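target_21.csv (CSV, C-alpha atoms) appears below.
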chain,number,residue,atom,x,y,z
M,1020,MET,CA,62.3,98.0,167.9
M,1021,SER,CA,61.4,100.2,170.9
M,1022,GLU,CA,58.5,98.0,171.7
M,1023,THR,CA,60.7,94.9,171.8
M,1024,ILE,CA,63.8,96.2,173.6
M,1025,GLY,CA,62.6,99.3,175.4
M,1026,CYS,CA,64.6,102.4,175.9
M,1027,ARG,CA,67.6,100.8,177.6
M,1028,LYS,CA,71.0,100.1,176.1
M,1029,LEU,CA,71.6,96.4,175.4
M,1030,PRO,CA,74.9,94.5,175.2
M,1031,ARG,CA,76.2,94.1,171.7
M,1032,LEU,CA,75.3,90.8,170.1
M,1033,VAL,CA,77.7,89.2,167.7
M,1034,PHE,CA,77.8,86.0,165.7
M,1035,THR,CA,81.0,84.7,164.1
M,1036,LEU,CA,80.8,82.8,160.9
M,1037,VAL,CA,83.6,81.7,158.6
M,1038,SER,CA,81.4,81.7,155.6
M,1039,ILE,CA,77.7,82.3,154.8
M,1040,VAL,CA,75.9,80.1,152.3
M,1041,VAL,CA,73.0,82.2,151.0
M,1042,THR,CA,69.9,80.2,149.8
M,1043,SER,CA,68.0,83.2,148.4
M,1044,GLN,CA,68.6,86.9,148.0
M,1045,THR,CA,66.6,90.0,146.9
M,1046,SER,CA,67.5,93.0,144.9
M,1047,ALA,CA,68.5,96.0,147.0
M,1048,PHE,CA,67.2,99.4,147.9
M,1049,GLU,CA,69.1,102.4,149.3
M,1050,LEU,CA,69.0,105.0,152.0
M,1051,ILE,CA,71.1,108.1,151.8
M,1052,ILE,CA,72.9,110.2,154.5
M,1053,ASP,CA,73.0,113.8,153.2
M,1054,PRO,CA,73.0,117.4,154.6
M,1055,ALA,CA,69.6,117.8,152.8
M,1056,PHE,CA,68.1,115.8,155.7
M,1057,GLY,CA,70.0,117.9,158.3
M,1058,SER,CA,73.6,118.4,159.3
M,1059,THR,CA,75.2,119.8,162.4
M,1060,GLU,CA,78.2,121.4,160.6
M,1061,ASN,CA,77.3,121.2,156.9
M,1062,THR,CA,80.7,120.0,155.9
M,1063,GLY,CA,79.4,118.2,152.8
M,1064,SER,CA,79.9,114.7,154.2
M,1065,THR,CA,77.6,112.1,152.7
M,1066,ALA,CA,77.0,108.4,152.8
M,1067,LYS,CA,74.8,105.7,151.2
M,1068,LEU,CA,73.4,102.5,152.6
M,1069,ASN,CA,72.5,99.6,150.3
M,1070,PHE,CA,70.2,96.9,151.7
M,1071,GLU,CA,70.1,93.3,150.6
M,1072,PHE,CA,68.1,90.5,152.3
M,1073,SER,CA,69.0,86.8,152.2
M,1074,GLN,CA,68.4,83.6,154.0
M,1075,HIS,CA,70.9,81.3,155.7
M,1076,GLY,CA,69.1,78.2,156.9
M,1077,THR,CA,66.2,79.4,159.1
M,1078,ASP,CA,67.9,82.7,159.7
M,1079,ASP,CA,67.1,85.9,157.8
M,1080,LEU,CA,70.1,88.1,157.0
M,1081,LEU,CA,70.3,91.8,156.2
M,1082,THR,CA,73.5,92.9,154.5
M,1083,ILE,CA,74.1,96.7,154.5
M,1084,LEU,CA,76.7,98.0,152.2
M,1085,ILE,CA,77.8,101.2,153.9
M,1086,ALA,CA,79.6,103.6,151.5
M,1087,ASN,CA,81.2,106.9,152.4
M,1088,THR,CA,80.2,109.1,149.4
M,1089,THR,CA,81.8,112.3,150.7
M,1090,PRO,CA,83.7,114.0,147.8
M,1091,ARG,CA,87.3,113.1,148.0
M,1092,LYS,CA,88.3,116.7,147.8
M,1093,ILE,CA,86.4,117.3,151.1
M,1094,GLY,CA,87.5,114.1,152.7
M,1095,SER,CA,86.0,112.4,155.8
M,1096,LYS,CA,85.9,109.2,157.9
M,1097,LEU,CA,82.5,107.5,158.5
M,1098,THR,CA,82.8,106.2,162.0
M,1099,ALA,CA,79.2,105.3,163.0
M,1100,VAL,CA,75.7,104.8,161.6
M,1101,GLY,CA,72.5,105.0,163.5
M,1102,LEU,CA,69.4,103.3,162.1
M,1103,GLU,CA,65.7,102.9,162.8
M,1104,ILE,CA,64.3,99.3,162.4
M,1105,PRO,CA,60.7,98.0,162.3
M,1106,ASP,CA,59.1,97.2,165.6
M,1107,TRP,CA,57.6,94.0,164.2
M,1108,LEU,CA,61.0,92.2,164.2
M,1109,ILE,CA,60.8,89.3,166.7
M,1110,GLN,CA,64.3,89.9,168.2
M,1111,PRO,CA,67.0,92.5,168.2
M,1112,PRO,CA,69.4,92.0,165.2
M,1113,SER,CA,72.8,90.6,166.0
M,1114,LEU,CA,76.0,91.4,164.1
M,1115,VAL,CA,77.5,88.6,162.0
M,1116,ILE,CA,81.3,88.8,162.0
M,1117,THR,CA,82.7,87.5,158.7
M,1118,PRO,CA,86.2,87.5,157.2
M,1119,ASP,CA,85.2,90.8,155.4
M,1120,THR,CA,84.5,92.6,158.6
M,1121,ALA,CA,86.9,95.5,159.0
M,1122,TYR,CA,85.8,98.5,161.0
M,1123,PHE,CA,82.2,98.2,161.9
M,1124,ASP,CA,82.2,95.4,164.5
M,1125,MET,CA,79.9,96.5,167.3
M,1126,LEU,CA,76.2,97.2,167.8
M,1127,THR,CA,74.4,99.2,170.5
M,1128,PHE,CA,70.7,99.9,170.8
M,1129,ASN,CA,68.4,102.9,171.5
M,1130,GLU,CA,71.1,105.6,171.3
M,1131,SER,CA,69.8,109.2,171.6
M,1132,MET,CA,71.6,111.8,169.5
M,1133,ALA,CA,72.0,115.6,170.0
M,1134,PRO,CA,70.8,118.0,168.8
M,1135,GLY,CA,67.3,116.8,169.2
M,1136,TRP,CA,66.2,117.7,165.7
M,1137,LEU,CA,68.6,115.1,164.3
M,1138,ASP,CA,67.4,112.4,166.7
M,1139,ALA,CA,64.9,109.6,166.0
M,1140,PRO,CA,61.9,109.1,168.4
M,1141,GLY,CA,63.3,107.4,171.5
M,1142,GLY,CA,66.8,107.4,170.0
M,1143,TYR,CA,68.0,105.3,167.1
M,1144,ASP,CA,67.1,101.7,167.4
M,1145,LEU,CA,70.4,100.4,166.2
M,1146,VAL,CA,73.8,102.0,166.1
M,1147,ILE,CA,76.7,100.4,164.2
M,1148,THR,CA,80.2,101.4,165.4
M,1149,SER,CA,83.7,100.2,166.1
M,1150,GLU,CA,84.0,101.1,169.7
M,1151,GLU,CA,80.4,101.4,170.9
M,1152,ASN,CA,80.9,105.2,170.8
M,1153,PHE,CA,78.9,107.2,168.3
M,1154,LEU,CA,80.5,110.5,169.0
M,1155,GLY,CA,84.1,109.6,169.7
M,1156,GLY,CA,85.0,106.3,168.1
M,1157,ASN,CA,88.6,106.0,166.8
M,1158,PRO,CA,88.5,107.0,163.1
M,1159,ASN,CA,91.6,104.9,162.2
M,1160,GLY,CA,90.4,102.3,159.8
M,1161,ALA,CA,87.0,103.8,159.2
M,1162,PRO,CA,85.7,104.1,155.6
M,1163,SER,CA,87.2,107.2,154.1
M,1164,ALA,CA,85.8,109.2,151.2
M,1165,GLY,CA,85.1,106.8,148.4
M,1166,ALA,CA,85.5,103.6,150.5
M,1167,ARG,CA,82.8,101.2,151.7
M,1168,GLU,CA,82.3,98.3,154.0
M,1169,SER,CA,79.6,95.5,154.3
M,1170,VAL,CA,77.8,94.8,157.5
M,1171,THR,CA,75.7,91.7,158.0
M,1172,LEU,CA,72.9,91.5,160.6
M,1173,ASN,CA,71.1,88.3,161.6
M,1174,LEU,CA,67.4,89.1,162.0
M,1175,GLY,CA,66.6,85.6,163.3
M,1176,ASP,CA,63.6,83.6,161.9
M,1177,THR,CA,61.1,86.3,160.9
M,1178,GLY,CA,58.8,83.9,159.0
M,1179,LEU,CA,59.2,86.1,156.0
M,1180,SER,CA,60.9,85.5,152.7
M,1181,ALA,CA,63.8,87.7,151.5
M,1182,GLU,CA,61.4,89.3,149.0
M,1183,GLN,CA,58.8,90.0,151.7
M,1184,LEU,CA,61.5,91.5,154.1
M,1185,GLU,CA,62.8,93.8,151.3
M,1186,LYS,CA,59.2,95.0,150.7
M,1187,ARG,CA,58.3,95.6,154.3
M,1188,PHE,CA,61.6,97.3,155.2
M,1189,PHE,CA,61.3,99.6,152.2
M,1190,GLU,CA,57.7,100.4,153.2
M,1191,PHE,CA,58.9,101.1,156.8
M,1192,PHE,CA,61.6,103.6,155.6
M,1193,THR,CA,59.4,105.2,153.0
M,1194,ASP,CA,56.6,105.9,155.5
M,1195,PHE,CA,59.0,107.0,158.3
M,1196,SER,CA,58.5,110.6,159.4
M,1197,GLY,CA,61.8,112.3,160.1
M,1198,ASN,CA,65.3,110.9,159.9
M,1199,SER,CA,65.4,107.1,159.8
M,1200,VAL,CA,69.3,107.1,159.6
M,1201,VAL,CA,72.1,109.2,160.8
M,1202,GLY,CA,75.9,109.2,160.1
M,1203,ARG,CA,78.8,110.3,162.2
M,1204,PHE,CA,81.8,111.7,160.3
M,1205,GLN,CA,85.2,112.5,161.7
M,1206,SER,CA,88.5,113.7,160.3
M,1207,VAL,CA,86.6,115.9,157.9
M,1208,GLY,CA,88.3,118.4,155.6
M,1209,PRO,CA,91.7,118.7,153.9
M,1210,HIS,CA,93.4,118.8,157.3
M,1211,GLY,CA,91.0,116.4,159.0
M,1212,ASN,CA,90.1,118.8,161.8
M,1213,PHE,CA,86.3,118.9,161.4
M,1214,SER,CA,83.5,116.5,162.3
M,1215,ASP,CA,79.8,116.2,161.4
M,1216,LYS,CA,76.5,114.5,162.2
M,1217,VAL,CA,74.3,114.1,159.2
M,1218,GLY,CA,70.7,112.8,158.9
M,1219,GLY,CA,69.2,110.7,156.2
M,1220,GLY,CA,66.4,108.6,154.8
M,1221,VAL,CA,64.8,107.4,151.5
M,1222,PRO,CA,65.7,109.7,148.6
M,1223,GLU,CA,62.6,111.1,147.0
M,1224,PRO,CA,62.7,112.2,143.3
M,1225,THR,CA,62.7,115.9,144.3
M,1226,THR,CA,65.4,115.2,146.9
M,1227,ILE,CA,67.6,113.6,144.4
M,1228,ILE,CA,67.4,116.7,142.2
M,1229,LEU,CA,68.3,118.9,145.2
M,1230,LEU,CA,71.1,116.6,146.2
M,1231,ALA,CA,72.6,116.7,142.6
M,1232,VAL,CA,72.5,120.5,142.7
M,1233,GLY,CA,74.1,120.6,146.1
M,1234,TRP,CA,76.8,118.2,145.1
M,1235,LEU,CA,77.7,120.3,142.1
M,1236,ALA,CA,77.9,123.4,144.2
M,1237,LEU,CA,80.2,121.6,146.7
M,1238,LEU,CA,82.4,120.3,143.9
M,1239,ARG,CA,82.7,123.8,142.5
M,1240,ARG,CA,83.7,125.2,145.9
M,1241,SER,CA,86.3,122.5,146.4
M,1242,HIS,CA,88.1,123.4,143.2
Would you give me this structure, written as structure tokens?
Amino acid sequence: MSETIGCRKLPRLVFTLVSIVVTSQTSAFELIIDPAFGSTENTGSTAKLNFEFSQHGTDDLLTILIANTTPRKIGSKLTAVGLEIPDWLIQPPSLVITPDTAYFDMLTFNESMAPGWLDAPGGYDLVITSEENFLGGNPNGAPSAGARESVTLNLGDTGLSAEQLEKRFFEFFTDFSGNSVVGRFQSVGPHGNFSDKVGGGVPEPTTIILLAVGWLALLRRSH
């Protein structure tokens, strides 16, 4: 989206809908946020993003199920997610506020992250938060370990079907070099006194095996 909205921070865009009538919907794909992609503190905090595309009239919608998959014995609050999005989108996504919206209710654009090795080129195109603050948002109400929340984005009229959007987004993330997603975790650990920033992307088969081994090791250490 850097070609469309540049490198400046835009005001958050929000639509409020009482209900959404979906006319078509595709099967989902997933991105993962895991220390295997890079982590500032290596606390073991993890998350998963599940993408589903649908249509509401002439508008194309992207619903992201954001799950905090941190082991409960570690514990964490997922307070923000940064995401790269394709530059062929016609307009910046806007957030659709629904009755299910709980914590993630704000968008900011082109946010740079430190350290640089965890950042995306030009900053992450889209950041989903509660207080427009990636680093210091209030963790109260944020999805804790094992919890999840759905976020719906209005992509406007892309001219593509839900199936075509699913295919093109998946290709975009699969071909992306580096971290295409980042998560901010706060209140990490048994006493909630740690925090972490963790990168992510499309899980490859070899990555899935490494992640499984890592999760088992973390679970053994937490006992």
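Each of M:Ile1147, M:Leu1108, M:Val1115, M:Val1217 was checked against His1075 of chain M using all atoms listed in the file; the smallest atom-to-atom distance is that of M:Val1115.
Among the candidate residues M:Ala1066, M:Met1125, M:Val1201, M:Ile1085, the one lying nearest to Tyr1143 of chain M is M:Val1201, with distances computed using all atoms listed in the file.
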TODO: Mind giving me the straight-line distance from atom CA of Gly1175 of chain M to atom CA of Pro1105 of chain M in Å, one decimal?
DONE: 13.8 Å
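Between atom CA of Ile1083 of chain M and atom CA of Leu1172 of chain M the interatomic distance comes to 8.1 Å.
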Open item on the list: For a test of reading the model, state the distance in Å between atom CA of Asp1078 of chain M and atom CA of Ala1166 of chain M, rounded to one decimal.
Closed with: 28.8 Å
Task: Given all atoms listed in the file as the counted atoms, nearest of M:Val1200, M:Leu1050, M:Leu1154, M:Leu1081 to Leu1114 of chain M - done: M:Leu1081
Any chance you could turn segment 1155-1203 of chain M into a file with N, CA and C atoms, as a PDB file, in the first residue's frame?
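To be explicit, this is the file written out as out.pdb:
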ATOM      1  N   GLY M1155       2.695   0.898  23.342  1.00  0.00           N
ATOM      2  CA  GLY M1155       2.221   1.093  24.707  1.00  0.00           C
ATOM      3  C   GLY M1155       0.731   1.077  24.902  1.00  0.00           C
ATOM      4  N   GLY M1156      -0.014   0.429  24.016  1.00  0.00           N
ATOM      5  CA  GLY M1156      -1.459   0.368  24.191  1.00  0.00           C
ATOM      6  C   GLY M1156      -1.841  -0.333  25.482  1.00  0.00           C
ATOM      7  N   ASN M1157      -2.949   0.096  26.075  1.00  0.00           N
ATOM      8  CA  ASN M1157      -3.418  -0.506  27.319  1.00  0.00           C
ATOM      9  C   ASN M1157      -3.764  -1.979  27.087  1.00  0.00           C
ATOM     10  N   PRO M1158      -3.152  -2.902  27.835  1.00  0.00           N
ATOM     11  CA  PRO M1158      -3.439  -4.324  27.613  1.00  0.00           C
ATOM     12  C   PRO M1158      -4.766  -4.793  28.177  1.00  0.00           C
ATOM     13  N   ASN M1159      -5.439  -3.970  28.969  1.00  0.00           N
ATOM     14  CA  ASN M1159      -6.729  -4.386  29.534  1.00  0.00           C
ATOM     15  C   ASN M1159      -7.722  -4.680  28.420  1.00  0.00           C
ATOM     16  N   GLY M1160      -8.254  -5.877  28.405  1.00  0.00           N
ATOM     17  CA  GLY M1160      -9.217  -6.270  27.393  1.00  0.00           C
ATOM     18  C   GLY M1160      -8.606  -6.890  26.159  1.00  0.00           C
ATOM     19  N   ALA M1161      -7.271  -6.839  26.019  1.00  0.00           N
ATOM     20  CA  ALA M1161      -6.613  -7.455  24.871  1.00  0.00           C
ATOM     21  C   ALA M1161      -6.723  -8.973  24.954  1.00  0.00           C
ATOM     22  N   PRO M1162      -6.760  -9.655  23.798  1.00  0.00           N
ATOM     23  CA  PRO M1162      -6.855 -11.114  23.820  1.00  0.00           C
ATOM     24  C   PRO M1162      -5.695 -11.735  24.610  1.00  0.00           C
ATOM     25  N   SER M1163      -6.032 -12.493  25.619  1.00  0.00           N
ATOM     26  CA  SER M1163      -5.027 -13.178  26.426  1.00  0.00           C
ATOM     27  C   SER M1163      -4.716 -14.538  25.800  1.00  0.00           C
ATOM     28  N   ALA M1164      -3.776 -15.256  26.397  1.00  0.00           N
ATOM     29  CA  ALA M1164      -3.389 -16.564  25.869  1.00  0.00           C
ATOM     30  C   ALA M1164      -4.610 -17.465  25.732  1.00  0.00           C
ATOM     31  N   GLY M1165      -4.846 -17.953  24.510  1.00  0.00           N
ATOM     32  CA  GLY M1165      -5.990 -18.816  24.244  1.00  0.00           C
ATOM     33  C   GLY M1165      -7.222 -18.085  23.749  1.00  0.00           C
ATOM     34  N   ALA M1166      -7.220 -16.743  23.795  1.00  0.00           N
ATOM     35  CA  ALA M1166      -8.386 -15.964  23.367  1.00  0.00           C
ATOM     36  C   ALA M1166      -8.191 -15.461  21.934  1.00  0.00           C
ATOM     37  N   ARG M1167      -9.284 -14.999  21.319  1.00  0.00           N
ATOM     38  CA  ARG M1167      -9.217 -14.514  19.948  1.00  0.00           C
ATOM     39  C   ARG M1167     -10.278 -13.449  19.720  1.00  0.00           C
ATOM     40  N   GLU M1168     -10.086 -12.690  18.652  1.00  0.00           N
ATOM     41  CA  GLU M1168     -11.038 -11.637  18.286  1.00  0.00           C
ATOM     42  C   GLU M1168     -11.045 -11.455  16.775  1.00  0.00           C
ATOM     43  N   SER M1169     -12.230 -11.237  16.205  1.00  0.00           N
ATOM     44  CA  SER M1169     -12.359 -11.007  14.769  1.00  0.00           C
ATOM     45  C   SER M1169     -12.296  -9.522  14.453  1.00  0.00           C
ATOM     46  N   VAL M1170     -11.573  -9.197  13.379  1.00  0.00           N
ATOM     47  CA  VAL M1170     -11.484  -7.826  12.878  1.00  0.00           C
ATOM     48  C   VAL M1170     -11.898  -7.844  11.414  1.00  0.00           C
ATOM     49  N   THR M1171     -12.822  -6.961  11.034  1.00  0.00           N
ATOM     50  CA  THR M1171     -13.292  -6.901   9.652  1.00  0.00           C
ATOM     51  C   THR M1171     -12.824  -5.615   9.006  1.00  0.00           C
ATOM     52  N   LEU M1172     -12.206  -5.746   7.836  1.00  0.00           N
ATOM     53  CA  LEU M1172     -11.712  -4.607   7.067  1.00  0.00           C
ATOM     54  C   LEU M1172     -12.502  -4.486   5.775  1.00  0.00           C
ATOM     55  N   ASN M1173     -12.891  -3.255   5.440  1.00  0.00           N
ATOM     56  CA  ASN M1173     -13.555  -2.981   4.171  1.00  0.00           C
ATOM     57  C   ASN M1173     -12.488  -2.589   3.162  1.00  0.00           C
ATOM     58  N   LEU M1174     -12.360  -3.366   2.096  1.00  0.00           N
ATOM     59  CA  LEU M1174     -11.351  -3.122   1.067  1.00  0.00           C
ATOM     60  C   LEU M1174     -11.894  -2.276  -0.073  1.00  0.00           C
ATOM     61  N   GLY M1175     -13.174  -1.877   0.004  1.00  0.00           N
ATOM     62  CA  GLY M1175     -13.796  -1.152  -1.090  1.00  0.00           C
ATOM     63  C   GLY M1175     -14.171  -2.103  -2.219  1.00  0.00           C
ATOM     64  N   ASP M1176     -14.429  -1.561  -3.385  1.00  0.00           N
ATOM     65  CA  ASP M1176     -14.780  -2.368  -4.558  1.00  0.00           C
ATOM     66  C   ASP M1176     -13.505  -2.635  -5.344  1.00  0.00           C
ATOM     67  N   THR M1177     -12.915  -3.800  -5.134  1.00  0.00           N
ATOM     68  CA  THR M1177     -11.653  -4.130  -5.805  1.00  0.00           C
ATOM     69  C   THR M1177     -11.852  -4.641  -7.220  1.00  0.00           C
ATOM     70  N   GLY M1178     -13.093  -5.004  -7.563  1.00  0.00           N
ATOM     71  CA  GLY M1178     -13.348  -5.598  -8.864  1.00  0.00           C
ATOM     72  C   GLY M1178     -13.011  -7.070  -8.916  1.00  0.00           C
ATOM     73  N   LEU M1179     -12.636  -7.649  -7.776  1.00  0.00           N
ATOM     74  CA  LEU M1179     -12.279  -9.058  -7.710  1.00  0.00           C
ATOM     75  C   LEU M1179     -13.314  -9.823  -6.894  1.00  0.00           C
ATOM     76  N   SER M1180     -13.483 -11.091  -7.210  1.00  0.00           N
ATOM     77  CA  SER M1180     -14.364 -11.934  -6.413  1.00  0.00           C
ATOM     78  C   SER M1180     -13.656 -12.306  -5.113  1.00  0.00           C
ATOM     79  N   ALA M1181     -14.418 -12.852  -4.164  1.00  0.00           N
ATOM     80  CA  ALA M1181     -13.823 -13.292  -2.907  1.00  0.00           C
ATOM     81  C   ALA M1181     -12.766 -14.354  -3.163  1.00  0.00           C
ATOM     82  N   GLU M1182     -13.025 -15.241  -4.116  1.00  0.00           N
ATOM     83  CA  GLU M1182     -12.062 -16.297  -4.433  1.00  0.00           C
ATOM     84  C   GLU M1182     -10.784 -15.714  -5.024  1.00  0.00           C
ATOM     85  N   GLN M1183     -10.935 -14.716  -5.908  1.00  0.00           N
ATOM     86  CA  GLN M1183      -9.757 -14.084  -6.501  1.00  0.00           C
ATOM     87  C   GLN M1183      -8.946 -13.318  -5.451  1.00  0.00           C
ATOM     88  N   LEU M1184      -9.635 -12.650  -4.528  1.00  0.00           N
ATOM     89  CA  LEU M1184      -8.937 -11.932  -3.465  1.00  0.00           C
ATOM     90  C   LEU M1184      -8.150 -12.892  -2.587  1.00  0.00           C
ATOM     91  N   GLU M1185      -8.760 -14.005  -2.231  1.00  0.00           N
ATOM     92  CA  GLU M1185      -8.068 -14.994  -1.403  1.00  0.00           C
ATOM     93  C   GLU M1185      -6.792 -15.476  -2.094  1.00  0.00           C
ATOM     94  N   LYS M1186      -6.896 -15.748  -3.380  1.00  0.00           N
ATOM     95  CA  LYS M1186      -5.747 -16.248  -4.132  1.00  0.00           C
ATOM     96  C   LYS M1186      -4.649 -15.198  -4.227  1.00  0.00           C
ATOM     97  N   ARG M1187      -5.015 -13.946  -4.513  1.00  0.00           N
ATOM     98  CA  ARG M1187      -4.005 -12.909  -4.711  1.00  0.00           C
ATOM     99  C   ARG M1187      -3.348 -12.495  -3.388  1.00  0.00           C
ATOM    100  N   PHE M1188      -4.118 -12.438  -2.309  1.00  0.00           N
ATOM    101  CA  PHE M1188      -3.534 -12.140  -1.005  1.00  0.00           C
ATOM    102  C   PHE M1188      -2.578 -13.256  -0.585  1.00  0.00           C
ATOM    103  N   PHE M1189      -2.995 -14.498  -0.778  1.00  0.00           N
ATOM    104  CA  PHE M1189      -2.138 -15.608  -0.390  1.00  0.00           C
ATOM    105  C   PHE M1189      -0.841 -15.597  -1.188  1.00  0.00           C
ATOM    106  N   GLU M1190      -0.928 -15.318  -2.487  1.00  0.00           N
ATOM    107  CA  GLU M1190       0.274 -15.221  -3.315  1.00  0.00           C
ATOM    108  C   GLU M1190       1.170 -14.085  -2.834  1.00  0.00           C
ATOM    109  N   PHE M1191       0.551 -12.962  -2.453  1.00  0.00           N
ATOM    110  CA  PHE M1191       1.316 -11.822  -1.959  1.00  0.00           C
ATOM    111  C   PHE M1191       2.112 -12.210  -0.712  1.00  0.00           C
ATOM    112  N   PHE M1192       1.459 -12.840   0.246  1.00  0.00           N
ATOM    113  CA  PHE M1192       2.145 -13.217   1.480  1.00  0.00           C
ATOM    114  C   PHE M1192       3.175 -14.322   1.244  1.00  0.00           C
ATOM    115  N   THR M1193       2.872 -15.261   0.359  1.00  0.00           N
ATOM    116  CA  THR M1193       3.799 -16.351   0.076  1.00  0.00           C
ATOM    117  C   THR M1193       5.081 -15.835  -0.569  1.00  0.00           C
ATOM    118  N   ASP M1194       4.944 -14.834  -1.454  1.00  0.00           N
ATOM    119  CA  ASP M1194       6.101 -14.299  -2.175  1.00  0.00           C
ATOM    120  C   ASP M1194       6.828 -13.213  -1.403  1.00  0.00           C
ATOM    121  N   PHE M1195       6.280 -12.789  -0.256  1.00  0.00           N
ATOM    122  CA  PHE M1195       6.861 -11.665   0.472  1.00  0.00           C
ATOM    123  C   PHE M1195       8.191 -12.060   1.101  1.00  0.00           C
ATOM    124  N   SER M1196       9.185 -11.197   0.941  1.00  0.00           N
ATOM    125  CA  SER M1196      10.505 -11.444   1.522  1.00  0.00           C
ATOM    126  C   SER M1196      10.616 -10.723   2.859  1.00  0.00           C
ATOM    127  N   GLY M1197      10.857 -11.467   3.930  1.00  0.00           N
ATOM    128  CA  GLY M1197      10.928 -10.875   5.255  1.00  0.00           C
ATOM    129  C   GLY M1197       9.619 -11.031   6.004  1.00  0.00           C
ATOM    130  N   ASN M1198       9.504 -10.331   7.135  1.00  0.00           N
ATOM    131  CA  ASN M1198       8.290 -10.420   7.939  1.00  0.00           C
ATOM    132  C   ASN M1198       7.154  -9.661   7.265  1.00  0.00           C
ATOM    133  N   SER M1199       6.033 -10.329   7.059  1.00  0.00           N
ATOM    134  CA  SER M1199       4.851  -9.662   6.506  1.00  0.00           C
ATOM    135  C   SER M1199       3.846  -9.319   7.595  1.00  0.00           C
ATOM    136  N   VAL M1200       4.123  -9.751   8.836  1.00  0.00           N
ATOM    137  CA  VAL M1200       3.237  -9.478   9.955  1.00  0.00           C
ATOM    138  C   VAL M1200       4.085  -9.412  11.221  1.00  0.00           C
ATOM    139  N   VAL M1201       3.633  -8.623  12.186  1.00  0.00           N
ATOM    140  CA  VAL M1201       4.328  -8.511  13.465  1.00  0.00           C
ATOM    141  C   VAL M1201       3.284  -8.389  14.569  1.00  0.00           C
ATOM    142  N   GLY M1202       3.581  -8.942  15.729  1.00  0.00           N
ATOM    143  CA  GLY M1202       2.668  -8.846  16.864  1.00  0.00           C
ATOM    144  C   GLY M1202       3.341  -8.197  18.055  1.00  0.00           C
ATOM    145  N   ARG M1203       2.559  -7.421  18.804  1.00  0.00           N
ATOM    146  CA  ARG M1203       3.035  -6.798  20.037  1.00  0.00           C
ATOM    147  C   ARG M1203       2.345  -7.488  21.209  1.00  0.00           C
TER     148      ARG M1203
END
